[in-house]
file query14.txt (compact mmCIF, C-alpha atoms and all ligand atoms)
# COMPACT_ATOMS: atom_id res chain seq x y z
CA MET A 1 121.29 313.73 148.83
CA GLY A 2 120.99 317.46 148.02
CA GLU A 3 118.98 318.41 144.98
CA PRO A 4 121.03 319.50 141.93
CA ASP A 5 120.44 322.91 140.42
CA GLN A 6 121.51 321.76 136.94
CA PRO A 7 119.68 319.15 134.86
CA SER A 8 121.44 316.09 133.47
CA THR A 9 120.63 314.43 130.16
CA ALA A 10 120.94 311.05 131.87
CA ARG A 11 118.29 311.88 134.47
CA MET A 12 116.10 313.45 131.76
CA ILE A 13 116.29 310.08 129.99
CA ASP A 14 115.23 308.37 133.22
CA PHE A 15 112.18 310.67 133.27
CA TRP A 16 111.35 309.84 129.64
CA LEU A 17 111.71 306.13 130.36
CA GLY A 18 109.23 306.40 133.23
CA GLY A 19 111.90 305.88 135.90
CA GLN A 20 111.94 307.23 139.45
CA HIS A 21 115.44 308.68 139.69
CA HIS A 22 115.38 312.31 138.62
CA PHE A 23 114.85 315.73 140.18
CA PRO A 24 112.48 318.65 139.49
CA VAL A 25 115.24 320.45 137.56
CA ASP A 26 115.50 317.41 135.24
CA VAL A 27 111.74 317.27 134.70
CA ALA A 28 111.62 320.99 133.89
CA ALA A 29 114.43 320.59 131.34
CA ALA A 30 112.82 317.48 129.85
CA ASN A 31 109.48 319.25 129.48
CA ALA A 32 111.16 322.27 127.85
CA PHE A 33 113.08 320.02 125.45
CA GLU A 34 109.91 318.14 124.52
CA GLN A 35 108.33 321.43 123.50
CA ALA A 36 111.05 321.66 120.86
CA TYR A 37 111.26 317.96 119.98
CA GLY A 38 108.23 315.84 120.83
CA PRO A 39 109.19 312.17 120.47
CA CYS A 40 111.79 311.99 123.27
CA ALA A 41 110.06 309.18 125.15
CA PRO A 42 109.77 306.78 122.20
CA VAL A 43 113.26 307.47 120.82
CA PHE A 44 114.92 306.94 124.20
CA ARG A 45 112.82 303.84 124.79
CA GLU A 46 114.27 302.44 121.57
CA LEU A 47 117.81 303.42 122.55
CA ARG A 48 117.39 301.56 125.86
CA ALA A 49 115.86 298.58 124.05
CA PHE A 50 118.93 298.52 121.78
CA LEU A 51 121.11 298.45 124.90
CA GLY A 52 119.11 295.47 126.13
CA ARG A 53 119.38 293.50 122.90
CA ALA A 54 123.08 294.30 122.45
CA VAL A 55 123.97 293.39 126.05
CA ARG A 56 121.99 290.16 125.78
CA ALA A 57 123.86 289.32 122.57
CA VAL A 58 127.21 289.95 124.28
CA ALA A 59 126.25 287.87 127.32
CA ALA A 60 125.11 285.07 124.99
CA GLN A 61 128.72 284.85 123.79
CA GLY A 62 129.77 283.98 127.32
CA VAL A 63 130.94 287.45 128.34
CA ASP A 64 130.25 288.01 132.02
CA GLY A 65 131.84 291.38 132.80
CA PHE A 66 130.75 294.79 131.53
CA LEU A 67 132.29 298.25 131.74
CA VAL A 68 129.78 301.04 131.09
CA PHE A 69 130.79 304.61 130.20
CA GLY A 70 128.52 307.66 130.44
CA ALA A 71 126.25 305.24 132.24
CA GLY A 72 123.61 307.61 133.57
CA VAL A 73 120.99 306.07 135.83
CA PRO A 74 121.48 302.29 136.32
CA THR A 75 117.82 301.29 136.13
CA MET A 76 115.01 300.84 133.58
CA GLY A 77 116.52 297.91 131.73
CA ASN A 78 120.14 298.85 132.23
CA VAL A 79 123.08 296.49 131.87
CA HIS A 80 123.04 294.52 135.16
CA GLU A 81 119.26 294.09 134.86
CA VAL A 82 119.68 292.50 131.42
CA ALA A 83 122.88 290.49 131.92
CA THR A 84 121.70 288.93 135.14
CA ASP A 85 124.69 286.59 135.53
CA ALA A 86 127.30 289.26 134.83
CA THR A 87 129.19 291.76 136.95
CA VAL A 88 128.96 295.38 135.86
CA LEU A 89 130.88 298.57 136.57
CA TYR A 90 128.92 301.70 135.70
CA THR A 91 130.92 304.93 135.33
CA ASP A 92 130.08 308.55 134.63
CA VAL A 93 131.57 312.01 135.22
CA ASP A 94 128.54 313.70 136.74
CA PRO A 95 128.88 313.62 140.55
CA VAL A 96 125.14 313.80 141.23
CA THR A 97 124.41 310.93 138.85
CA ILE A 98 127.28 308.90 140.32
CA ARG A 99 125.91 309.35 143.86
CA LEU A 100 122.43 308.46 142.62
CA GLY A 101 123.79 305.33 140.94
CA GLN A 102 125.71 304.35 144.06
CA SER A 103 122.59 304.67 146.19
CA ILE A 104 120.54 302.60 143.69
CA LEU A 105 123.19 299.86 143.64
CA ALA A 106 124.02 299.93 147.36
CA GLY A 107 124.16 296.37 148.59
CA SER A 108 124.62 294.84 145.14
CA ASP A 109 127.54 292.47 144.97
CA ARG A 110 127.26 292.31 141.19
CA ALA A 111 127.17 295.94 140.09
CA GLY A 112 129.03 299.05 141.21
CA TYR A 113 129.21 302.68 140.23
CA GLY A 114 132.16 305.06 140.18
CA PHE A 115 133.79 308.00 138.47
CA GLY A 116 135.15 307.39 135.00
CA ASP A 117 135.96 309.82 132.23
CA ALA A 118 135.40 307.82 129.05
CA THR A 119 138.14 309.78 127.31
CA ASP A 120 140.73 308.65 129.87
CA ILE A 121 140.38 305.08 131.04
CA GLY A 122 143.06 305.76 133.65
CA THR A 123 140.44 307.69 135.64
CA VAL A 124 138.50 304.50 136.43
CA ASP A 125 139.28 303.29 139.95
CA PRO A 126 141.48 300.16 139.50
CA ALA A 127 139.98 298.53 142.60
CA GLN A 128 136.44 298.89 141.25
CA LEU A 129 137.59 297.72 137.83
CA HIS A 130 139.23 294.66 139.35
CA ARG A 131 136.16 293.88 141.46
CA PHE A 132 133.39 294.36 138.89
CA VAL A 133 135.19 293.65 135.59
CA PRO A 134 137.55 290.88 136.68
CA GLY A 135 140.20 290.04 134.16
CA TRP A 136 139.94 293.43 132.43
CA GLY A 137 142.56 293.41 129.71
CA ARG A 138 142.98 289.64 129.93
CA ARG A 139 139.44 288.28 129.43
CA PRO A 140 136.81 289.39 126.88
CA VAL A 141 134.40 291.97 128.30
CA GLY A 142 131.49 294.05 127.11
CA VAL A 143 132.10 297.79 126.79
CA VAL A 144 128.94 299.89 126.70
CA PHE A 145 129.35 303.38 125.27
CA LEU A 146 125.85 304.76 124.70
CA GLY A 147 124.58 308.34 124.67
CA LEU A 148 128.16 309.59 124.74
CA ALA A 149 129.56 309.90 121.22
CA ALA A 150 127.37 312.94 120.57
CA PHE A 151 129.36 314.88 123.17
CA LEU A 152 132.82 314.04 121.80
CA ASP A 153 134.46 315.56 118.73
CA ASP A 154 135.77 313.21 116.03
CA ALA A 155 139.41 313.33 117.14
CA THR A 156 138.56 312.67 120.80
CA LEU A 157 136.12 309.89 119.95
CA THR A 158 138.59 308.20 117.59
CA ARG A 159 141.39 308.33 120.16
CA THR A 160 139.09 307.16 122.96
CA LEU A 161 137.74 304.16 121.05
CA ASP A 162 141.25 303.24 119.95
CA GLU A 163 142.54 303.38 123.54
CA LEU A 164 139.65 301.18 124.64
CA TYR A 165 140.51 298.76 121.86
CA ALA A 166 144.10 298.60 123.03
CA ALA A 167 143.09 298.11 126.67
CA ALA A 168 140.36 295.49 126.17
CA ALA A 169 141.22 291.83 125.67
CA PRO A 170 140.71 290.18 122.27
CA GLY A 171 137.13 288.96 121.91
CA SER A 172 135.73 291.98 123.76
CA LEU A 173 132.66 293.66 122.31
CA LEU A 174 131.72 297.34 122.15
CA ALA A 175 128.15 298.64 121.97
CA VAL A 176 128.15 302.25 120.77
CA ASP A 177 125.64 304.66 119.29
CA PHE A 178 125.68 308.11 117.74
CA ASP A 179 123.13 310.82 117.04
CA THR A 180 121.90 311.10 113.46
CA GLU A 181 121.02 314.41 111.85
CA GLU A 182 117.43 314.13 113.11
CA LEU A 183 117.63 317.32 115.19
CA ALA A 184 118.76 319.36 112.16
CA GLY A 185 115.06 319.56 111.35
CA HIS A 186 114.34 320.89 114.86
CA PRO A 187 116.59 323.94 115.29
CA GLN A 188 115.20 324.95 118.69
CA ALA A 189 115.95 321.52 120.10
CA LEU A 190 119.37 321.54 118.45
CA ALA A 191 120.21 324.88 120.08
CA MET A 192 119.25 323.42 123.47
CA MET A 193 121.84 320.65 123.05
CA GLY A 194 124.65 323.22 123.21
CA PRO A 195 127.70 323.83 121.05
CA GLN A 196 129.43 320.54 121.93
CA PHE A 197 126.63 318.40 120.52
CA ARG A 198 127.53 316.46 117.37
CA MET A 199 125.23 314.86 114.83
CA ARG A 200 126.77 312.47 112.34
CA PRO A 201 125.66 310.75 109.15
CA PRO A 202 126.36 306.98 109.26
CA ALA A 203 129.12 307.23 106.67
CA ALA A 204 130.98 309.69 108.90
CA PHE A 205 130.72 307.44 111.95
CA ALA A 206 132.11 304.21 110.50
CA PRO A 207 135.75 305.42 110.25
CA LEU A 208 135.69 306.62 113.86
CA LEU A 209 135.40 303.01 115.02
CA GLY A 210 138.98 302.46 113.91
CA ARG A 211 140.07 298.90 114.67
CA TRP A 212 136.72 297.88 116.20
CA ALA A 213 135.01 295.70 113.58
CA PRO A 214 131.21 296.00 113.30
CA THR A 215 129.32 292.73 113.44
CA ALA A 216 127.42 291.70 110.31
CA ASP A 217 124.43 293.67 111.64
CA GLY A 218 126.26 296.84 110.61
CA ILE A 219 125.59 300.40 111.74
CA VAL A 220 121.81 300.80 111.67
CA PRO A 221 118.95 302.70 113.30
CA VAL A 222 118.78 301.33 116.84
CA ALA A 223 115.20 300.05 116.38
CA GLU A 224 116.43 297.93 113.46
CA TRP A 225 119.34 296.29 115.26
CA ARG A 226 118.29 292.63 115.67
CA PRO A 227 114.71 293.62 116.51
CA ASP A 228 112.71 291.11 118.54
CA GLY A 229 109.77 291.58 116.15
CA PRO A 230 108.80 294.19 113.58
CA PRO A 231 111.00 297.24 114.38
CA ALA A 232 109.27 300.01 116.32
CA ARG A 233 108.34 302.92 114.07
CA VAL A 234 110.15 305.83 115.71
CA PRO A 235 112.08 308.79 114.29
CA ASP A 236 115.58 307.80 113.24
CA ALA A 237 117.45 309.68 116.00
CA PHE A 238 120.15 307.16 116.95
CA HIS A 239 122.16 304.59 115.05
CA GLY A 240 123.85 301.77 116.91
CA VAL A 241 126.49 299.16 116.30
CA LEU A 242 128.03 296.20 118.08
CA ALA A 243 131.71 295.85 117.24
CA THR A 244 134.34 293.30 118.14
CA ARG A 245 137.95 293.49 119.18
CA ALA A 246 139.89 291.02 117.09
CA GLY A 247 142.74 288.88 118.31
CA ASP A 248 146.27 290.28 118.28
C1 LIG B 301 122.89 311.35 127.22
S1 LIG B 301 123.43 310.71 128.78
C2 LIG B 301 123.34 308.96 128.44
C3 LIG B 301 123.15 308.14 129.68
C4 LIG B 301 123.00 306.64 129.44
N1 LIG B 301 124.15 306.07 128.76
C5 LIG B 301 121.74 306.34 128.67
O1 LIG B 301 121.84 305.94 127.51
O2 LIG B 301 120.65 306.51 129.23
C6 LIG B 301 125.19 311.04 128.71
C7 LIG B 301 125.94 310.73 130.00
O3 LIG B 301 127.34 310.81 129.71
C8 LIG B 301 127.98 311.47 130.78
N2 LIG B 301 129.25 312.00 130.24
C9 LIG B 301 129.47 313.12 129.53
N3 LIG B 301 130.77 313.23 129.20
C10 LIG B 301 131.40 312.12 129.69
C11 LIG B 301 132.73 311.63 129.67
N4 LIG B 301 133.73 312.31 129.07
N5 LIG B 301 132.99 310.46 130.28
C12 LIG B 301 132.01 309.77 130.90
N6 LIG B 301 130.73 310.18 130.96
C13 LIG B 301 130.43 311.34 130.36
C14 LIG B 301 126.99 312.48 131.28
O4 LIG B 301 127.26 312.85 132.61
C15 LIG B 301 125.68 311.70 131.13
O5 LIG B 301 125.38 310.98 132.30

call {"tool": "encode", "arguments": {"input": "query14.txt", "output": "structure tokens", "more": "lines below"}}
Ligand SMILES: C[S@@+](CC[C@H](N)C(=O)[O-])C[C@H]1O[C@@H](n2cnc3c(N)ncnc32)[C@H](O)[C@@H]1O
result
Amino acid sequence: MGEPDQPSTARMIDFWLGGQHHFPVDVAAANAFEQAYGPCAPVFRELRAFLGRAVRAVAAQGVDGFLVFGAGVPTMGNVHEVATDATVLYTDVDPVTIRLGQSILAGSDRAGYGFGDATDIGTVDPAQLHRFVPGWGRRPVGVVFLGLAAFLDDATLTRTLDELYAAAAPGSLLAVDFDTEELAGHPQALAMMGPQFRMRPPAAFAPLLGRWAPTADGIVPVAEWRPDGPPARVPDAFHGVLATRAGD
């Protein structure tokens, strides 16, 4: 695989998590970002831990198929490593990350990786969907949508989540997060995120969920979502929520 000349936030996260699937360009970008905002490693560790607890909670309800958007690198406690009896389709739009994911998952009969633009579910390969998320649209599934909302404007995010609601079967669950206003206090880091990056206060996020109904846990800092013990003390960079698709 040729080395990319552009960094990816997903592979930077892999670096911060202590993973092995990133390139020098990602490490350089991660180091530069850390100069502007120090606690990247602990905040992304907590975001990944939230993924783990949310996916485990979904699997505990008997859900055994997951569709992951903006998936990034499928290691370091990612969905198929947590839901060990489930099948999982990881999707992303970044070709380098997709190829990386496909090489990591080569030989797995339980998890696959393909192109998927979260804002247009029609871009997901139907054959892969059928294979790794059997019964999509007819059986409850887990939809994982993490690290993505920050890159979508309100109108696009609202439409996207509503289309996912319409496509998923009743009883499906959605794990989603958004970036708080933490980086407002770190203007250099904020500038590095680019003009598309969106921070949101919790009250502004709730309406974007539309018909998805948050569980009783609510929309909370990810470290405080059903913590296994005392919540980790990390900056409040991400809030997360698990939401359900009601019956028709
Ligand atoms: C911040 S990373 C998060 C990766 C992973 N979910 C995690 O939490 O470690 C965002 C990912 O979303 C992908 N992405 C950006 N826009 C997307 C879109 N419209 N549809 C699907 N993926 C997208 C990027 O390529 C990148 O891999």

call {"tool": "axis_aligned_box", "arguments": {"input": "query14.txt", "around": "ligand LIG 301 (chain B)", "padding_each_side": "6 Å", "output": "JSON"}}
result
{"center_x": 127.2, "center_y": 309.6, "center_z": 129.9, "size_x": 25.1, "size_y": 19.3, "size_z": 17.4}

call {"tool": "atom_distance", "arguments": {"input": "query14.txt", "atom1": "CA of Gly18 (chain A)", "atom2": "CA of Ala189 (chain A)"}}
result
21.1 Å

call {"tool": "atom_distance", "arguments": {"input": "query14.txt", "atom1": "CA of Arg245 (chain A)", "atom2": "CA of Ala204 (chain A)"}}
result
20.4 Å

call {"tool": "residues_near_ligand", "arguments": {"input": "query14.txt", "ligand": "ligand LIG 301 (chain B)", "cutoff": "8 Å", "atoms": "all atoms listed in the file", "output": "MDAnalysis selection string"}}
result
chainID A and resid 8:11 13:14 44 47:48 51 68:73 91:94 97 115:120 145:148 151:152

call {"tool": "closest_residue", "arguments": {"input": "query14.txt", "among": "A:Ala60, A:Val55, A:Ala184, A:Ala223", "to": "Val143 (chain A)", "atoms": "all atoms listed in the file"}}
result
A:Val55

call {"tool": "atom_distance", "arguments": {"input": "query14.txt", "atom1": "CA of Ala41 (chain A)", "atom2": "CA of Arg200 (chain A)"}}
result
21.3 Å

call {"tool": "closest_residue", "arguments": {"input": "query14.txt", "among": "A:Gly114, A:Pro74, A:Pro24, A:Pro39", "to": "Asp236 (chain A)", "atoms": "only C-alpha atoms"}}
result
A:Pro39

call {"tool": "residues_around", "arguments": {"input": "query14.txt", "residues": "His239 (chain A)", "least_positions_apart": "2", "cutoff": "6 Å", "atoms": "all atoms listed in the file", "output": "JSON, numbers by chain"}}
result
{"A": [177, 178, 220, 221, 222]}

call {"tool": "closest_residue", "arguments": {"input": "query14.txt", "among": "A:Asp64, A:Glu182, A:Asp125, A:Glu163", "to": "Val82 (chain A)", "atoms": "only C-alpha atoms"}}
result
A:Asp64

call {"tool": "residues_around", "arguments": {"input": "query14.txt", "residues": "Ala28 (chain A)", "least_positions_apart": "5", "cutoff": "10 Å", "atoms": "all atoms listed in the file", "output": "ChimeraX atom specification"}}
result
/A:7,12,23,33-34

call {"tool": "write_last_selection", "arguments": {"input": "query14.txt", "atoms": "C-alpha atoms", "output": "short mmCIF file (atom, residue, chain, number, x, y, z; two decimals), keeping the file's coordinate frame"}}
result
data_model
loop_
_atom_site.label_atom_id
_atom_site.label_comp_id
_atom_site.auth_asym_id
_atom_site.auth_seq_id
_atom_site.Cartn_x
_atom_site.Cartn_y
_atom_site.Cartn_z
CA PRO A 7 119.68 319.15 134.86
CA MET A 12 116.10 313.45 131.76
CA PHE A 23 114.85 315.73 140.18
CA PHE A 33 113.08 320.02 125.45
CA GLU A 34 109.91 318.14 124.52
#
